[in-house]
Amino acid sequence: MKRFHIAIILLICCTAINISAQRKNTGGRSTTRTTNSNNANTNNKTQELQVPEGLYSVEELERKREDALDEIAVTSQLLKEASVSAKTSLNRLNLLSQQLLARKKVISLLGEEIAAIDRRMKTMNDEIDILEKDLNKKKENYAKSMQTQQQEHRTSQFKMLLILSAEDLAQSYRRMRYLQEYSKWQKEEAERIVTKQSEITRRKTELEKSKEEKQTLLSQRNNENKKLEDEQKQQQTEVKDLNKKQRELQNLLQQKRKEADALNKQIDNLIAEEIKKSEKNAASQSGNAATAESSSKSASTRPASGSSYVLTESEATISKNFSANKGKLPYPLSGKYTIVSRYGEHQHQELTHVRTVNNGIDIQTTAGSEARAIYKGVITRIFVMPGFNNNVIVRHGDYLTVYSNLSEVYVKAGDAVNTGQAIGKIYSDSEKGNETILHFQLWHERTKLNPAVWIK
């Protein structure tokens, strides 16, 4: 029986020695659990190092900066096209002011990008510190295990003696499993050390790349600041020139105001006519109703005469959907553009003697651009006004949009139009360097609204 016991132990030893020979390192199950726990803690610490909420990422800031640069490119192109004459100098100044605002926005966004990269670099440095501390700890543990192995002379013979010296078969098996697991831990720990070193190298490479990005952005910000200084000097020069032409400029603004008042009066009169027309149509439909109850119901839902549109069911649906799209409606033209005059009454930010009033917004674009419907509706009126050329009114239930200063009109009264459909070609003034401006208004019944609030 003793011989049989020894034979089994020898068989176990051979198996253990073969397994150990295939592995360079040793380890136990409890040690592996500890190592995995350490890795989990390290990962958790790394995940905690995130960009604070409410701050834009570098990529988002870069997209915003590119949009602002596109706006500057459009404004620069429009400035080149505009001639420096008495008629266009005020518009040139407005364009230049828009360009300065966009330039300042670019500089601000560059500053935010640099700050975001600084935050990212700090996060990277913190992560690298955590990784290096974890790596040093792993190296220390690994070195201790190797020293212990050398001190105990854990050769194949020693392992065999360790197993053979067991009191029984069960203890021999437990010792063999310990040696296997210890060997497995040592091998895996060596692999983890190599992986950790690679991760640190990768993070340091990313950190260097971020440093290079920061230097590039700093250089760009310096260039943008120089451009801003040049543009501010140009603006100051044009302000001085315009201040010398106060009387001429005041006469020009007075003429434009008269033309704008005439346009506003015409639009209001046309809307009043449309409201009366809708009332007559509703009254006609009520008169043809089969019962007095139907007629009474129609009369009760009708607004006071001349105050509001009487809408059909389909018109009411369009009106409701139009209102629901507030802030999401498209711009009323094709091509690139910039707003040169905003809604309402404003004191000019550079010229103290200039005060402008606008019933809509003026959008300057490039020659050849077309006016486009911002929502589906029906063409109700097409008319001509001095200073605004051809004008088109599109009705969207009880909302109306007005497209002024068109050289060509592609539609006629009564036509149904869809969102984005071309209505006409915007007039380009050859005497003003092909200045191409669309005057756009938005009304709710007989009340003017700020178009900029409705357009996305």
# chains A, B, ... in the order shown; residues from 1 in each chain; ligands from 1
call {"tool": "residues_around", "arguments": {"residues": "A:Thr237", "least_positions_apart": "3", "cutoff": "12 Å", "atoms": "only C-alpha atoms", "output": "list of chain:residue names"}}
result
A:Ser89, A:Arg92, A:Leu93, A:Leu96, A:Asp230, A:Glu231, A:Gln232, A:Lys233, A:Gln234, A:Lys240, A:Asp241, A:Leu242, A:Asn243, A:Lys244, A:Glu350
call {"tool": "write_last_selection", "arguments": {"atoms": "C-alpha atoms", "output": "mmCIF file, in the first residue's frame"}}
result
data_model
loop_
_atom_site.group_PDB
_atom_site.id
_atom_site.type_symbol
_atom_site.label_atom_id
_atom_site.label_comp_id
_atom_site.auth_asym_id
_atom_site.auth_seq_id
_atom_site.Cartn_x
_atom_site.Cartn_y
_atom_site.Cartn_z
ATOM 1 C CA SER A 89 -20.228 103.204 -45.855
ATOM 2 C CA ARG A 92 -19.693 98.544 -44.497
ATOM 3 C CA LEU A 93 -19.411 99.669 -40.889
ATOM 4 C CA LEU A 96 -17.141 95.354 -40.017
ATOM 5 C CA ASP A 230 -6.079 95.716 -37.483
ATOM 6 C CA GLU A 231 -9.862 95.480 -37.880
ATOM 7 C CA GLN A 232 -10.444 97.789 -34.926
ATOM 8 C CA LYS A 233 -8.127 100.378 -36.508
ATOM 9 C CA GLN A 234 -10.042 100.049 -39.780
ATOM 10 C CA LYS A 240 -14.157 109.095 -38.355
ATOM 11 C CA ASP A 241 -15.060 109.312 -42.041
ATOM 12 C CA LEU A 242 -18.749 108.781 -41.306
ATOM 13 C CA ASN A 243 -18.741 111.369 -38.534
ATOM 14 C CA LYS A 244 -17.541 113.892 -41.150
ATOM 15 C CA GLU A 350 -20.197 103.283 -32.994
#
call {"tool": "closest_atom_pairs", "arguments": {"of": "stretch 310-335 of chain A", "to": "stretch 408-431 of chain A", "cutoff": "12 Å", "atoms": "only C-alpha atoms", "output": "JSON lines"}}
result
{"residue": "A:Ile318", "atom": "CA", "partner": "A:Asn418", "partner_atom": "CA", "distance": 11.6}
{"residue": "A:Phe322", "atom": "CA", "partner": "A:Thr419", "partner_atom": "CA", "distance": 10.8}
{"residue": "A:Asn325", "atom": "CA", "partner": "A:Thr419", "partner_atom": "CA", "distance": 12.0}
{"residue": "A:Leu329", "atom": "CA", "partner": "A:Thr419", "partner_atom": "CA", "distance": 9.0}
{"residue": "A:Pro330", "atom": "CA", "partner": "A:Gly420", "partner_atom": "CA", "distance": 7.7}
{"residue": "A:Tyr331", "atom": "CA", "partner": "A:Gly420", "partner_atom": "CA", "distance": 8.8}
{"residue": "A:Pro332", "atom": "CA", "partner": "A:Gly420", "partner_atom": "CA", "distance": 7.7}
{"residue": "A:Leu333", "atom": "CA", "partner": "A:Ala422", "partner_atom": "CA", "distance": 8.1}
{"residue": "A:Ser334", "atom": "CA", "partner": "A:Ala422", "partner_atom": "CA", "distance": 8.5}
{"residue": "A:Gly335", "atom": "CA", "partner": "A:Ile426", "partner_atom": "CA", "distance": 11.2}
call {"tool": "residues_around", "arguments": {"residues": "stretch 188-205 of chain A", "least_positions_apart": "2", "cutoff": "7 Å", "atoms": "only C-alpha atoms", "output": "short mmCIF file (atom, residue, chain, number, x, y, z; two decimals) with C-alpha atoms, in the first residue's frame"}}
result
data_model
loop_
_atom_site.label_atom_id
_atom_site.label_comp_id
_atom_site.auth_asym_id
_atom_site.auth_seq_id
_atom_site.Cartn_x
_atom_site.Cartn_y
_atom_site.Cartn_z
CA MET A 124 -3.64 62.85 -17.98
CA ILE A 128 -0.13 58.72 -15.27
CA LEU A 131 -0.58 54.19 -13.20
CA LEU A 135 3.26 49.85 -11.64
CA LYS A 138 3.51 45.56 -8.91
CA LYS A 184 0.28 31.29 -12.69
CA TRP A 185 0.19 34.49 -10.57
CA GLN A 186 3.85 35.23 -11.27
CA LEU A 207 0.06 64.17 -23.20
CA GLU A 208 2.81 65.35 -25.54
CA LYS A 209 0.25 65.61 -28.35
#
call {"tool": "closest_residue", "arguments": {"among": "A:Val378, A:Ile275, A:Ile339, A:Ala115", "to": "A:Phe440", "atoms": "only C-alpha atoms"}}
result
A:Ile339
call {"tool": "atom_distance", "arguments": {"atom1": "atom CA of A:Ala324", "atom2": "atom CA of A:Glu445"}}
result
16.5 Å
call {"tool": "select_by_dssp", "arguments": {"residues": "stretch 210-393 of chain A", "states": "strand (DSSP E)", "output": "NGL selection string"}}
result
:A and (337-341 or 344-347 or 355-358 or 361-365 or 370-372 or 377-385 or 389-393)
call {"tool": "residues_around", "arguments": {"residues": "stretch 64-79 of chain A", "least_positions_apart": "4", "cutoff": "6 Å", "atoms": "only C-alpha atoms", "output": "list in words"}}
result
Gln99, Ala102 and Val106 of chain A
call {"tool": "write_last_selection", "arguments": {"atoms": "N, CA and C atoms", "output": "short mmCIF file (atom, residue, chain, number, x, y, z; two decimals), in the first residue's frame"}}
result
data_model
loop_
_atom_site.label_atom_id
_atom_site.label_comp_id
_atom_site.auth_asym_id
_atom_site.auth_seq_id
_atom_site.Cartn_x
_atom_site.Cartn_y
_atom_site.Cartn_z
N GLN A 99 -17.99 91.50 -38.16
CA GLN A 99 -16.73 90.77 -38.26
C GLN A 99 -15.94 90.86 -36.96
N ALA A 102 -17.49 88.49 -34.45
CA ALA A 102 -17.12 87.10 -34.76
C ALA A 102 -15.67 86.83 -34.39
N VAL A 106 -14.14 84.11 -31.77
CA VAL A 106 -13.07 83.14 -32.08
C VAL A 106 -11.99 83.17 -31.00
#
call {"tool": "atom_distance", "arguments": {"atom1": "atom CA of A:Val453", "atom2": "atom CA of A:Gly327"}}
result
5.8 Å
call {"tool": "atom_distance", "arguments": {"atom1": "atom CA of A:Thr312", "atom2": "atom CA of A:Asn281"}}
result
9.6 Å
call {"tool": "select_by_dssp", "arguments": {"residues": "stretch 236-393 of chain A", "states": "alpha helix (DSSP H)", "output": "PyMOL selection string"}}
result
chain A and resi 236-243+246-287+292-301+313-324
call {"tool": "write_last_selection", "arguments": {"atoms": "C-alpha atoms", "output": "PDB file, in the first residue's frame"}}
result
ATOM      1  CA  GLN A 236     -12.036 103.621 -36.171  1.00  0.00           C
ATOM      2  CA  THR A 237     -10.997 105.079 -39.529  1.00  0.00           C
ATOM      3  CA  GLU A 238     -14.423 104.461 -41.060  1.00  0.00           C
ATOM      4  CA  VAL A 239     -16.180 105.875 -37.976  1.00  0.00           C
ATOM      5  CA  LYS A 240     -14.157 109.095 -38.355  1.00  0.00           C
ATOM      6  CA  ASP A 241     -15.060 109.312 -42.041  1.00  0.00           C
ATOM      7  CA  LEU A 242     -18.749 108.781 -41.306  1.00  0.00           C
ATOM      8  CA  ASN A 243     -18.741 111.369 -38.534  1.00  0.00           C
ATOM      9  CA  GLN A 246     -23.235 113.330 -40.602  1.00  0.00           C
ATOM     10  CA  ARG A 247     -25.643 115.436 -42.684  1.00  0.00           C
ATOM     11  CA  GLU A 248     -25.355 113.179 -45.719  1.00  0.00           C
ATOM     12  CA  LEU A 249     -25.791 110.096 -43.572  1.00  0.00           C
ATOM     13  CA  GLN A 250     -28.787 111.541 -41.728  1.00  0.00           C
ATOM     14  CA  ASN A 251     -30.487 112.354 -45.049  1.00  0.00           C
ATOM     15  CA  LEU A 252     -29.853 108.808 -46.250  1.00  0.00           C
ATOM     16  CA  LEU A 253     -31.246 107.303 -43.012  1.00  0.00           C
ATOM     17  CA  GLN A 254     -34.285 109.587 -43.168  1.00  0.00           C
ATOM     18  CA  GLN A 255     -34.996 108.437 -46.711  1.00  0.00           C
ATOM     19  CA  LYS A 256     -34.655 104.784 -45.706  1.00  0.00           C
ATOM     20  CA  ARG A 257     -36.964 105.316 -42.735  1.00  0.00           C
ATOM     21  CA  LYS A 258     -39.650 106.830 -44.992  1.00  0.00           C
ATOM     22  CA  GLU A 259     -39.362 103.855 -47.333  1.00  0.00           C
ATOM     23  CA  ALA A 260     -39.551 101.434 -44.399  1.00  0.00           C
ATOM     24  CA  ASP A 261     -42.611 103.210 -42.957  1.00  0.00           C
ATOM     25  CA  ALA A 262     -44.315 103.055 -46.354  1.00  0.00           C
ATOM     26  CA  LEU A 263     -43.563  99.337 -46.614  1.00  0.00           C
ATOM     27  CA  ASN A 264     -44.849  98.730 -43.092  1.00  0.00           C
ATOM     28  CA  LYS A 265     -48.081 100.631 -43.829  1.00  0.00           C
ATOM     29  CA  GLN A 266     -48.603  98.725 -47.060  1.00  0.00           C
ATOM     30  CA  ILE A 267     -48.101  95.359 -45.343  1.00  0.00           C
ATOM     31  CA  ASP A 268     -50.510  96.322 -42.553  1.00  0.00           C
ATOM     32  CA  ASN A 269     -53.155  97.385 -45.095  1.00  0.00           C
ATOM     33  CA  LEU A 270     -52.751  94.162 -47.045  1.00  0.00           C
ATOM     34  CA  ILE A 271     -53.060  92.078 -43.883  1.00  0.00           C
ATOM     35  CA  ALA A 272     -56.235  93.980 -42.954  1.00  0.00           C
ATOM     36  CA  GLU A 273     -57.655  93.172 -46.393  1.00  0.00           C
ATOM     37  CA  GLU A 274     -56.745  89.502 -45.956  1.00  0.00           C
ATOM     38  CA  ILE A 275     -58.494  89.403 -42.580  1.00  0.00           C
ATOM     39  CA  LYS A 276     -61.673  90.897 -44.079  1.00  0.00           C
ATOM     40  CA  LYS A 277     -61.445  88.388 -46.906  1.00  0.00           C
ATOM     41  CA  SER A 278     -61.223  85.504 -44.413  1.00  0.00           C
ATOM     42  CA  GLU A 279     -64.266  86.893 -42.557  1.00  0.00           C
ATOM     43  CA  LYS A 280     -66.302  87.059 -45.778  1.00  0.00           C
ATOM     44  CA  ASN A 281     -65.358  83.502 -46.666  1.00  0.00           C
ATOM     45  CA  ALA A 282     -66.369  82.317 -43.194  1.00  0.00           C
ATOM     46  CA  ALA A 283     -69.647  84.242 -43.369  1.00  0.00           C
ATOM     47  CA  SER A 284     -70.379  82.736 -46.775  1.00  0.00           C
ATOM     48  CA  GLN A 285     -69.758  79.251 -45.426  1.00  0.00           C
ATOM     49  CA  SER A 286     -71.967  79.955 -42.418  1.00  0.00           C
ATOM     50  CA  GLY A 287     -74.782  81.181 -44.689  1.00  0.00           C
ATOM     51  CA  ALA A 292     -79.274  77.595 -37.764  1.00  0.00           C
ATOM     52  CA  GLU A 293     -77.328  75.795 -35.034  1.00  0.00           C
ATOM     53  CA  SER A 294     -74.345  75.394 -37.356  1.00  0.00           C
ATOM     54  CA  SER A 295     -74.577  79.070 -38.328  1.00  0.00           C
ATOM     55  CA  SER A 296     -74.818  80.135 -34.689  1.00  0.00           C
ATOM     56  CA  LYS A 297     -71.788  78.020 -33.795  1.00  0.00           C
ATOM     57  CA  SER A 298     -69.699  79.560 -36.594  1.00  0.00           C
ATOM     58  CA  ALA A 299     -70.674  83.073 -35.504  1.00  0.00           C
ATOM     59  CA  SER A 300     -69.749  82.379 -31.892  1.00  0.00           C
ATOM     60  CA  THR A 301     -66.244  81.206 -32.742  1.00  0.00           C
ATOM     61  CA  GLU A 313     -59.419  73.699 -40.062  1.00  0.00           C
ATOM     62  CA  SER A 314     -56.361  73.180 -42.308  1.00  0.00           C
ATOM     63  CA  GLU A 315     -55.189  76.786 -41.770  1.00  0.00           C
ATOM     64  CA  ALA A 316     -55.516  76.385 -38.002  1.00  0.00           C
ATOM     65  CA  THR A 317     -53.348  73.253 -38.175  1.00  0.00           C
ATOM     66  CA  ILE A 318     -50.648  75.071 -40.201  1.00  0.00           C
ATOM     67  CA  SER A 319     -50.731  77.986 -37.760  1.00  0.00           C
ATOM     68  CA  LYS A 320     -50.367  75.659 -34.774  1.00  0.00           C
ATOM     69  CA  ASN A 321     -47.446  73.792 -36.378  1.00  0.00           C
ATOM     70  CA  PHE A 322     -45.769  77.060 -37.379  1.00  0.00           C
ATOM     71  CA  SER A 323     -45.947  78.268 -33.771  1.00  0.00           C
ATOM     72  CA  ALA A 324     -44.601  74.927 -32.514  1.00  0.00           C
TER      73      ALA A 324
END
call {"tool": "residues_around", "arguments": {"residues": "A:Val394", "least_positions_apart": "2", "cutoff": "9 Å", "atoms": "only C-alpha atoms", "output": "list in words"}}
result
Ala373, Tyr375, Lys376, Gly377, Val378, Ile379, Thr380, Arg381, Val392, His396, Tyr399, Leu400, Thr401, Val402, Tyr403, Ala416 and Val417 of chain A
